[in-house]
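protein29.cif follows (mmCIF, C-alpha atoms and all ligand atoms):
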```
data_model
#
loop_
_atom_site.label_atom_id
_atom_site.label_comp_id
_atom_site.auth_asym_id
_atom_site.auth_seq_id
_atom_site.Cartn_x
_atom_site.Cartn_y
_atom_site.Cartn_z
CA MET L 1 15.31 -6.16 4.85
CA PRO L 2 13.56 -9.40 3.77
CA ASP L 3 15.77 -12.00 2.12
CA ALA L 4 16.74 -10.24 -1.14
CA ARG L 5 13.56 -10.73 -3.07
CA LYS L 6 12.93 -14.27 -1.87
CA LYS L 7 9.67 -15.28 -3.50
CA LEU L 8 6.48 -14.61 -1.55
CA VAL L 9 3.25 -16.51 -2.16
CA ALA L 10 0.28 -14.85 -0.50
CA GLY L 11 -3.31 -16.08 -0.29
CA ASN L 12 -6.13 -13.52 -0.29
CA TRP L 13 -9.21 -15.30 1.01
CA LYS L 14 -11.44 -12.27 0.27
CA MET L 15 -14.92 -12.62 1.86
CA ASN L 16 -14.56 -16.38 2.31
CA GLY L 17 -13.87 -18.55 5.31
CA LEU L 18 -15.69 -19.59 8.47
CA ALA L 19 -14.41 -21.16 11.67
CA ALA L 20 -14.79 -24.50 9.87
CA SER L 21 -12.02 -23.39 7.46
CA ALA L 22 -9.37 -23.46 10.21
CA PRO L 23 -8.24 -27.06 9.51
CA GLU L 24 -7.47 -26.03 5.89
CA PHE L 25 -5.17 -23.33 7.22
CA VAL L 26 -3.60 -25.70 9.75
CA ARG L 27 -2.77 -28.06 6.84
CA ILE L 28 -1.03 -25.22 5.03
CA VAL L 29 0.99 -24.38 8.16
CA GLY L 30 1.93 -28.03 8.72
CA ALA L 31 3.12 -28.59 5.16
CA TYR L 32 5.06 -25.33 5.12
CA GLN L 33 7.20 -26.13 8.14
CA GLY L 34 9.23 -28.79 6.36
CA ALA L 35 11.39 -28.21 3.31
CA MET L 36 9.36 -25.29 1.94
CA LYS L 37 10.23 -22.77 4.59
CA SER L 38 13.71 -21.96 3.32
CA GLY L 39 12.58 -21.66 -0.30
CA VAL L 40 9.55 -19.39 -0.20
CA ASP L 41 7.74 -16.98 2.12
CA LEU L 42 4.07 -17.75 2.67
CA MET L 43 1.28 -15.49 3.88
CA VAL L 44 -2.48 -15.89 4.25
CA PHE L 45 -4.95 -13.00 4.41
CA PRO L 46 -8.18 -14.38 5.93
CA PRO L 47 -11.23 -12.25 6.73
CA PHE L 48 -10.95 -10.19 9.94
CA THR L 49 -13.07 -12.72 11.81
CA LEU L 50 -10.41 -15.43 11.43
CA LEU L 51 -7.30 -13.31 11.92
CA THR L 52 -6.72 -14.04 15.60
CA SER L 53 -7.34 -17.77 15.34
CA PHE L 54 -5.05 -18.04 12.28
CA ALA L 55 -2.34 -16.00 14.02
CA THR L 56 -2.57 -18.37 16.97
CA ALA L 57 -2.49 -21.43 14.71
CA THR L 58 0.71 -20.32 12.95
CA ARG L 59 2.59 -19.03 15.98
CA GLY L 60 6.28 -19.79 15.43
CA ALA L 61 5.62 -21.76 12.25
CA GLY L 62 6.61 -19.01 9.85
CA VAL L 63 3.40 -18.59 7.82
CA GLY L 64 2.52 -14.90 7.96
CA VAL L 65 -1.05 -13.73 8.42
CA GLY L 66 -2.57 -10.41 7.52
CA ALA L 67 -5.80 -8.53 6.87
CA GLN L 68 -7.36 -7.37 3.62
CA ASP L 69 -7.87 -3.69 4.45
CA CYS L 70 -7.34 -1.16 7.22
CA HIS L 71 -8.49 2.34 8.13
CA ALA L 72 -5.93 5.12 7.86
CA LYS L 73 -6.52 6.30 11.44
CA ALA L 74 -5.38 4.42 14.56
CA SER L 75 -8.72 4.63 16.40
CA GLY L 76 -11.88 6.71 16.66
CA ALA L 77 -15.50 7.06 15.60
CA HIS L 78 -15.41 4.99 12.39
CA THR L 79 -18.13 2.38 12.75
CA GLY L 80 -17.29 -0.90 11.11
CA ASP L 81 -13.70 -0.02 10.31
CA VAL L 82 -10.56 -1.72 11.63
CA SER L 83 -7.22 0.03 12.17
CA ALA L 84 -3.74 -1.20 11.33
CA GLU L 85 -2.97 -1.12 15.06
CA MET L 86 -5.89 -3.49 15.69
CA ILE L 87 -4.60 -5.85 13.01
CA ALA L 88 -1.16 -5.88 14.63
CA ASP L 89 -2.79 -6.42 18.02
CA ALA L 90 -4.70 -9.41 16.63
CA GLY L 91 -1.38 -11.00 15.54
CA GLY L 92 -1.27 -9.82 11.91
CA GLN L 93 1.99 -8.86 10.24
CA ALA L 94 0.65 -7.38 7.02
CA VAL L 95 -2.35 -5.80 5.34
CA ILE L 96 -3.52 -5.65 1.72
CA VAL L 97 -4.37 -2.10 0.67
CA GLY L 98 -5.90 -0.82 -2.55
CA HIS L 99 -7.19 -4.12 -3.89
CA SER L 100 -9.15 -3.42 -7.06
CA GLU L 101 -12.29 -4.83 -5.43
CA ARG L 102 -12.02 -2.16 -2.72
CA ARG L 103 -11.15 0.53 -5.23
CA ALA L 104 -14.31 -0.45 -7.16
CA ASP L 105 -16.70 -1.35 -4.32
CA HIS L 106 -15.71 1.41 -1.89
CA GLY L 107 -14.43 4.12 -4.20
CA GLU L 108 -10.94 4.04 -2.71
CA THR L 109 -8.59 6.52 -4.38
CA ASP L 110 -4.81 6.39 -4.68
CA ALA L 111 -4.62 8.94 -1.85
CA ASP L 112 -6.76 6.69 0.39
CA VAL L 113 -4.54 3.73 -0.42
CA CYS L 114 -1.40 5.75 0.31
CA ALA L 115 -2.79 6.81 3.70
CA LYS L 116 -3.57 3.18 4.50
CA ALA L 117 -0.06 2.11 3.51
CA GLU L 118 1.32 4.80 5.83
CA ALA L 119 -0.97 3.53 8.61
CA ALA L 120 0.37 0.02 8.08
CA ARG L 121 3.94 1.26 8.56
CA ARG L 122 2.96 3.20 11.67
CA ALA L 123 1.55 -0.02 13.15
CA GLY L 124 4.55 -2.13 12.13
CA LEU L 125 2.74 -3.99 9.34
CA VAL L 126 3.85 -4.69 5.79
CA ALA L 127 1.49 -3.07 3.26
CA VAL L 128 0.69 -5.14 0.16
CA VAL L 129 -0.22 -2.34 -2.25
CA CYS L 130 -2.32 -3.48 -5.22
CA VAL L 131 -2.32 -1.91 -8.68
CA GLY L 132 -3.65 -3.03 -12.04
CA GLU L 133 -5.50 -1.89 -15.14
CA THR L 134 -8.99 -2.80 -16.36
CA ARG L 135 -9.63 -4.51 -19.67
CA GLU L 136 -10.78 -1.24 -21.26
CA GLN L 137 -7.63 0.52 -20.12
CA ARG L 138 -5.42 -2.25 -21.52
CA GLU L 139 -7.28 -2.30 -24.82
CA ALA L 140 -6.88 1.46 -25.08
CA GLY L 141 -3.10 1.02 -24.68
CA ASP L 142 -3.16 2.76 -21.29
CA ALA L 143 -2.01 -0.08 -19.02
CA ARG L 144 1.38 1.43 -18.21
CA LYS L 145 -0.04 4.89 -17.73
CA VAL L 146 -2.69 3.57 -15.31
CA VAL L 147 -0.32 1.38 -13.33
CA GLY L 148 2.35 4.10 -13.24
CA GLY L 149 -0.21 6.57 -11.92
CA GLN L 150 -1.44 4.12 -9.27
CA LEU L 151 2.12 3.48 -8.11
CA ALA L 152 2.90 7.20 -7.96
CA GLY L 153 -0.24 7.94 -5.96
CA SER L 154 -0.54 4.86 -3.75
CA LEU L 155 3.02 4.39 -2.48
CA PRO L 156 4.25 6.57 0.38
CA ASP L 157 7.52 8.46 -0.12
CA ASN L 158 9.27 6.30 2.47
CA ALA L 159 8.34 2.96 0.84
CA ASP L 160 11.00 0.27 1.17
CA ALA L 161 11.24 -3.50 1.11
CA ASP L 162 10.71 -3.86 4.86
CA HIS L 163 7.35 -2.15 4.74
CA VAL L 164 5.93 -2.51 1.24
CA VAL L 165 5.14 -5.25 -1.25
CA VAL L 166 3.55 -4.31 -4.60
CA ALA L 167 0.98 -6.62 -6.20
CA TYR L 168 0.27 -6.22 -9.91
CA GLU L 169 -3.22 -7.55 -10.46
CA PRO L 170 -4.78 -6.78 -13.85
CA VAL L 171 -8.47 -6.38 -13.02
CA TRP L 172 -9.54 -8.42 -16.05
CA ALA L 173 -7.51 -11.42 -14.85
CA ILE L 174 -9.04 -11.56 -11.35
CA GLY L 175 -11.40 -14.49 -10.90
CA THR L 176 -11.83 -14.92 -14.66
CA GLY L 177 -9.39 -17.73 -15.48
CA LEU L 178 -7.73 -15.32 -17.93
CA THR L 179 -4.11 -14.33 -17.50
CA PRO L 180 -1.74 -12.12 -19.43
CA THR L 181 0.93 -14.01 -21.36
CA VAL L 182 4.23 -14.59 -19.60
CA ASP L 183 5.76 -11.91 -21.85
CA GLU L 184 3.05 -9.43 -20.92
CA VAL L 185 3.58 -10.16 -17.21
CA ALA L 186 7.35 -9.75 -17.56
CA GLU L 187 6.87 -6.53 -19.52
CA MET L 188 4.63 -4.95 -16.84
CA HIS L 189 6.78 -6.19 -13.96
CA GLY L 190 9.85 -4.74 -15.67
CA PHE L 191 8.03 -1.43 -15.97
CA ILE L 192 7.02 -1.52 -12.29
CA ARG L 193 10.57 -2.42 -11.26
CA GLY L 194 11.85 0.58 -13.22
CA GLU L 195 9.32 2.92 -11.58
CA LEU L 196 10.27 1.65 -8.10
CA SER L 197 14.00 1.99 -8.78
CA ASN L 198 13.61 5.47 -10.26
CA ARG L 199 11.65 6.74 -7.28
CA PHE L 200 13.20 4.86 -4.36
CA GLY L 201 16.69 3.93 -5.61
CA PRO L 202 18.20 0.78 -4.05
CA ASP L 203 15.23 0.58 -1.64
CA GLY L 204 12.93 0.40 -4.66
CA ALA L 205 15.02 -2.28 -6.32
CA ALA L 206 14.49 -4.51 -3.27
CA ILE L 207 10.68 -4.15 -3.05
CA ARG L 208 8.97 -7.38 -4.02
CA VAL L 209 6.47 -7.25 -6.89
CA LEU L 210 3.87 -10.02 -6.91
CA TYR L 211 1.65 -11.06 -9.80
CA GLY L 212 -2.04 -11.71 -9.05
CA GLY L 213 -5.00 -12.78 -11.20
CA SER L 214 -6.10 -16.37 -11.86
CA VAL L 215 -2.88 -17.95 -10.55
CA LYS L 216 -3.53 -21.71 -10.37
CA PRO L 217 -1.36 -24.78 -9.80
CA ASP L 218 -1.15 -25.40 -13.55
CA ASN L 219 0.07 -21.92 -14.55
CA ALA L 220 2.02 -20.97 -11.41
CA LYS L 221 5.41 -22.28 -12.52
CA GLU L 222 5.58 -20.23 -15.71
CA LEU L 223 4.09 -17.07 -14.18
CA LEU L 224 6.44 -17.25 -11.18
CA ALA L 225 9.44 -17.79 -13.46
CA ALA L 226 8.73 -14.62 -15.47
CA ALA L 227 11.34 -11.88 -15.17
CA ASP L 228 10.84 -9.52 -12.21
CA VAL L 229 8.03 -11.62 -10.68
CA ASP L 230 8.83 -12.02 -6.99
CA GLY L 231 5.82 -14.11 -6.07
CA ALA L 232 2.05 -14.37 -6.38
CA LEU L 233 -1.07 -12.98 -4.74
CA VAL L 234 -3.56 -15.81 -5.07
CA GLY L 235 -7.32 -15.52 -4.65
CA GLY L 236 -9.59 -18.50 -5.36
CA ALA L 237 -6.84 -21.12 -5.43
CA SER L 238 -5.63 -20.09 -1.96
CA LEU L 239 -8.82 -21.44 -0.38
CA LYS L 240 -7.80 -25.04 -0.98
CA ALA L 241 -4.67 -26.12 0.91
CA ASP L 242 -3.54 -28.51 -1.83
CA ASP L 243 -3.79 -25.89 -4.58
CA PHE L 244 -2.17 -23.18 -2.50
CA LEU L 245 0.70 -25.45 -1.47
CA ALA L 246 1.21 -26.53 -5.10
CA ILE L 247 1.54 -22.86 -6.09
CA ALA L 248 3.98 -22.26 -3.21
CA LYS L 249 6.07 -25.24 -4.35
CA ALA L 250 6.14 -23.84 -7.89
CA ALA L 251 7.80 -20.71 -6.48
CA ILE L 252 10.79 -22.63 -5.12
CA ARG L 253 13.76 -22.44 -7.47
O1 LIG W 301 -7.61 -10.78 -6.56
C1 LIG W 301 -6.82 -11.69 -6.46
C2 LIG W 301 -5.89 -11.79 -5.30
O2 LIG W 301 -5.90 -10.61 -4.55
C3 LIG W 301 -6.75 -12.76 -7.48
O3 LIG W 301 -7.89 -13.52 -7.39
P1 LIG W 301 -8.01 -14.90 -8.24
O4 LIG W 301 -6.73 -15.67 -7.97
O5 LIG W 301 -9.23 -15.59 -7.69
O6 LIG W 301 -8.11 -14.50 -9.67
#
```
Just dump the structure as structure tokens.
Amino acid sequence: MPDARKKLVAGNWKMNGLAASAPEFVRIVGAYQGAMKSGVDLMVFPPFTLLTSFATATRGAGVGVGAQDCHAKASGAHTGDVSAEMIADAGGQAVIVGHSERRADHGETDADVCAKAEAARRAGLVAVVCVGETREQREAGDARKVVGGQLAGSLPDNADADHVVVAYEPVWAIGTGLTPTVDEVAEMHGFIRGELSNRFGPDGAAIRVLYGGSVKPDNAKELLAAADVDGALVGGASLKADDFLAIAKAAIR
């Protein structure tokens, strides 16, 4: 089991990054190796095209790398898709599944996300399972219902802290500069923690729950200090080594 809910700061590069971005990643790896390593876990999720070179660059340094999606099957006639086994073979340790951008752009359902999380486990990867409500759903008072439903449908029955991380990412906070208040974050994370504990018992209590959506160096400290927040899934600010490292430092108690 990972260090009992040691904070995890993960960078989702989305569809950004070229070979020229490698030095930015190498700077992150270099800075992490010193004092930070014992205080926080760090992961970067580059596009598929950079996965192997990033895995090589971080070998032995402790920064995890992962992919942003996988197919549920191990191999076969699925043009353009990449399996969890291929991600592991390329040096990845984790994969994001069910990001709201994939749910929206590719029509991924909770059942699809659950199958991908199961594929991740089969391949020995950690699945970072994303959930989160839209603005309309929050304004209608349905945020808990939506997130509870996504958790119920997207997490496999055998989910535990070795194989699953949950990321709560309210859709309206992604890339907008808007964030929920610290109280709202704590309230939703408390709800998610309760759902995980109810369904998975002690295993559920140990699963890390990250917050994602407009996490920046200047709001990271307060968001990461909120109750039941075990880390952050960072988009835009993870593309700049200085910003990403500042967020990682804010996670160290
Ligand atoms: O979607 C996100 C991470 O997966 C969050 O993105 P931003 O940090 O750019 O809002």
Skipping near chain neighbours, those fewer than 3 positions away, what residues fall within 8 Å of region 225-242 of chain L using only C-alpha atoms, listed as number ranges by chain? L: 5-14, 24-25, 27-28, 167, 174-175, 182-183, 185-186, 189-190, 193, 208-217, 221-222, 245-246, 251
For a quick check of your reading of the model, name the residues lying within 8 Å of the coordinate (-11.1, -17.9, 5.1), counting only C-alpha atoms, and write them as a compact mmCIF listing (two decimals) with C-alpha atoms, keeping the file's coordinate frame.
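Result written to result35.txt:
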```
# COMPACT_ATOMS: atom_id res chain seq x y z
CA TRP L 13 -9.21 -15.30 1.01
CA LYS L 14 -11.44 -12.27 0.27
CA MET L 15 -14.92 -12.62 1.86
CA ASN L 16 -14.56 -16.38 2.31
CA GLY L 17 -13.87 -18.55 5.31
CA LEU L 18 -15.69 -19.59 8.47
CA SER L 21 -12.02 -23.39 7.46
CA ALA L 22 -9.37 -23.46 10.21
CA PHE L 45 -4.95 -13.00 4.41
CA PRO L 46 -8.18 -14.38 5.93
CA PRO L 47 -11.23 -12.25 6.73
CA LEU L 50 -10.41 -15.43 11.43
CA LEU L 239 -8.82 -21.44 -0.38
```
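Ranking L:Ala117, L:Ala88, L:Ala152, L:Val44 by their shortest atom-to-atom distance to ligand LIG 301 (chain W), with only C-alpha atoms and all ligand atoms included, puts L:Val44 first.
What separates CA of Gly204 (chain L) from CA of Val129 (chain L) is a distance of 13.6 Å.
The shortest atom-to-atom distance to Ala55 (chain L), with only C-alpha atoms taken into account, belongs to L:Ala90 out of L:Leu42, L:Ala35, L:Ala90, L:Gly30.
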Kindly reconstruct region 51-82 of chain L with N, CA and C atoms and present the result as a PDB file, keeping the file's coordinate frame.
```pdb
ATOM      1  N   LEU L  51      -8.699 -13.744  11.790  1.00  0.00           N
ATOM      2  CA  LEU L  51      -7.300 -13.310  11.920  1.00  0.00           C
ATOM      3  C   LEU L  51      -6.653 -13.817  13.212  1.00  0.00           C
ATOM      4  N   THR L  52      -7.330 -13.642  14.326  1.00  0.00           N
ATOM      5  CA  THR L  52      -6.720 -14.040  15.600  1.00  0.00           C
ATOM      6  C   THR L  52      -6.509 -15.537  15.674  1.00  0.00           C
ATOM      7  N   SER L  53      -7.511 -16.308  15.235  1.00  0.00           N
ATOM      8  CA  SER L  53      -7.340 -17.770  15.340  1.00  0.00           C
ATOM      9  C   SER L  53      -6.245 -18.253  14.389  1.00  0.00           C
ATOM     10  N   PHE L  54      -6.113 -17.639  13.205  1.00  0.00           N
ATOM     11  CA  PHE L  54      -5.050 -18.040  12.280  1.00  0.00           C
ATOM     12  C   PHE L  54      -3.674 -17.626  12.844  1.00  0.00           C
ATOM     13  N   ALA L  55      -3.615 -16.442  13.441  1.00  0.00           N
ATOM     14  CA  ALA L  55      -2.340 -16.000  14.020  1.00  0.00           C
ATOM     15  C   ALA L  55      -1.917 -16.946  15.130  1.00  0.00           C
ATOM     16  N   THR L  56      -2.882 -17.415  15.893  1.00  0.00           N
ATOM     17  CA  THR L  56      -2.570 -18.370  16.970  1.00  0.00           C
ATOM     18  C   THR L  56      -2.115 -19.694  16.369  1.00  0.00           C
ATOM     19  N   ALA L  57      -2.797 -20.127  15.308  1.00  0.00           N
ATOM     20  CA  ALA L  57      -2.490 -21.430  14.710  1.00  0.00           C
ATOM     21  C   ALA L  57      -1.096 -21.469  14.082  1.00  0.00           C
ATOM     22  N   THR L  58      -0.590 -20.326  13.641  1.00  0.00           N
ATOM     23  CA  THR L  58       0.710 -20.320  12.950  1.00  0.00           C
ATOM     24  C   THR L  58       1.843 -19.857  13.846  1.00  0.00           C
ATOM     25  N   ARG L  59       1.557 -19.604  15.106  1.00  0.00           N
ATOM     26  CA  ARG L  59       2.590 -19.030  15.980  1.00  0.00           C
ATOM     27  C   ARG L  59       3.911 -19.825  15.889  1.00  0.00           C
ATOM     28  N   GLY L  60       4.965 -19.161  15.496  1.00  0.00           N
ATOM     29  CA  GLY L  60       6.280 -19.790  15.430  1.00  0.00           C
ATOM     30  C   GLY L  60       6.519 -20.646  14.196  1.00  0.00           C
ATOM     31  N   ALA L  61       5.480 -20.850  13.383  1.00  0.00           N
ATOM     32  CA  ALA L  61       5.620 -21.760  12.250  1.00  0.00           C
ATOM     33  C   ALA L  61       6.079 -21.058  10.980  1.00  0.00           C
ATOM     34  N   GLY L  62       6.047 -19.751  10.963  1.00  0.00           N
ATOM     35  CA  GLY L  62       6.610 -19.010   9.850  1.00  0.00           C
ATOM     36  C   GLY L  62       5.641 -18.617   8.757  1.00  0.00           C
ATOM     37  N   VAL L  63       4.386 -19.062   8.808  1.00  0.00           N
ATOM     38  CA  VAL L  63       3.400 -18.590   7.820  1.00  0.00           C
ATOM     39  C   VAL L  63       2.859 -17.249   8.342  1.00  0.00           C
ATOM     40  N   GLY L  64       3.009 -16.213   7.545  1.00  0.00           N
ATOM     41  CA  GLY L  64       2.520 -14.900   7.960  1.00  0.00           C
ATOM     42  C   GLY L  64       1.013 -14.816   7.796  1.00  0.00           C
ATOM     43  N   VAL L  65       0.380 -13.985   8.613  1.00  0.00           N
ATOM     44  CA  VAL L  65      -1.050 -13.730   8.420  1.00  0.00           C
ATOM     45  C   VAL L  65      -1.260 -12.217   8.347  1.00  0.00           C
ATOM     46  N   GLY L  66      -2.291 -11.830   7.647  1.00  0.00           N
ATOM     47  CA  GLY L  66      -2.570 -10.410   7.520  1.00  0.00           C
ATOM     48  C   GLY L  66      -4.040 -10.182   7.223  1.00  0.00           C
ATOM     49  N   ALA L  67      -4.409  -8.909   7.152  1.00  0.00           N
ATOM     50  CA  ALA L  67      -5.800  -8.530   6.870  1.00  0.00           C
ATOM     51  C   ALA L  67      -5.898  -7.967   5.454  1.00  0.00           C
ATOM     52  N   GLN L  68      -7.114  -7.744   5.016  1.00  0.00           N
ATOM     53  CA  GLN L  68      -7.360  -7.370   3.620  1.00  0.00           C
ATOM     54  C   GLN L  68      -7.608  -5.873   3.414  1.00  0.00           C
ATOM     55  N   ASP L  69      -7.642  -5.132   4.520  1.00  0.00           N
ATOM     56  CA  ASP L  69      -7.870  -3.690   4.450  1.00  0.00           C
ATOM     57  C   ASP L  69      -7.628  -3.119   5.846  1.00  0.00           C
ATOM     58  N   CYS L  70      -7.362  -1.831   5.921  1.00  0.00           N
ATOM     59  CA  CYS L  70      -7.340  -1.160   7.220  1.00  0.00           C
ATOM     60  C   CYS L  70      -7.803   0.273   7.031  1.00  0.00           C
ATOM     61  N   HIS L  71      -8.184   0.909   8.136  1.00  0.00           N
ATOM     62  CA  HIS L  71      -8.490   2.340   8.130  1.00  0.00           C
ATOM     63  C   HIS L  71      -7.182   3.111   8.271  1.00  0.00           C
ATOM     64  N   ALA L  72      -7.166   4.336   7.784  1.00  0.00           N
ATOM     65  CA  ALA L  72      -5.930   5.120   7.860  1.00  0.00           C
ATOM     66  C   ALA L  72      -5.656   5.618   9.283  1.00  0.00           C
ATOM     67  N   LYS L  73      -6.724   5.791  10.077  1.00  0.00           N
ATOM     68  CA  LYS L  73      -6.520   6.300  11.440  1.00  0.00           C
ATOM     69  C   LYS L  73      -6.295   5.154  12.419  1.00  0.00           C
ATOM     70  N   ALA L  74      -5.709   5.458  13.569  1.00  0.00           N
ATOM     71  CA  ALA L  74      -5.380   4.420  14.560  1.00  0.00           C
ATOM     72  C   ALA L  74      -6.584   4.001  15.375  1.00  0.00           C
ATOM     73  N   SER L  75      -7.528   4.938  15.591  1.00  0.00           N
ATOM     74  CA  SER L  75      -8.720   4.630  16.400  1.00  0.00           C
ATOM     75  C   SER L  75      -9.715   5.764  16.200  1.00  0.00           C
ATOM     76  N   GLY L  76     -10.928   5.600  16.724  1.00  0.00           N
ATOM     77  CA  GLY L  76     -11.880   6.710  16.660  1.00  0.00           C
ATOM     78  C   GLY L  76     -13.266   6.279  16.226  1.00  0.00           C
ATOM     79  N   ALA L  77     -14.094   7.283  15.913  1.00  0.00           N
ATOM     80  CA  ALA L  77     -15.500   7.060  15.600  1.00  0.00           C
ATOM     81  C   ALA L  77     -15.639   6.706  14.106  1.00  0.00           C
ATOM     82  N   HIS L  78     -15.347   5.466  13.771  1.00  0.00           N
ATOM     83  CA  HIS L  78     -15.410   4.990  12.390  1.00  0.00           C
ATOM     84  C   HIS L  78     -16.069   3.618  12.411  1.00  0.00           C
ATOM     85  N   THR L  79     -17.379   3.626  12.553  1.00  0.00           N
ATOM     86  CA  THR L  79     -18.130   2.380  12.750  1.00  0.00           C
ATOM     87  C   THR L  79     -17.861   1.373  11.642  1.00  0.00           C
ATOM     88  N   GLY L  80     -17.506   0.188  12.065  1.00  0.00           N
ATOM     89  CA  GLY L  80     -17.290  -0.900  11.110  1.00  0.00           C
ATOM     90  C   GLY L  80     -15.885  -0.997  10.574  1.00  0.00           C
ATOM     91  N   ASP L  81     -15.070   0.021  10.833  1.00  0.00           N
ATOM     92  CA  ASP L  81     -13.700  -0.020  10.310  1.00  0.00           C
ATOM     93  C   ASP L  81     -12.739  -0.657  11.319  1.00  0.00           C
ATOM     94  N   VAL L  82     -11.586  -1.068  10.822  1.00  0.00           N
ATOM     95  CA  VAL L  82     -10.560  -1.720  11.630  1.00  0.00           C
ATOM     96  C   VAL L  82      -9.226  -1.048  11.332  1.00  0.00           C
TER      97      VAL L  82
END
```
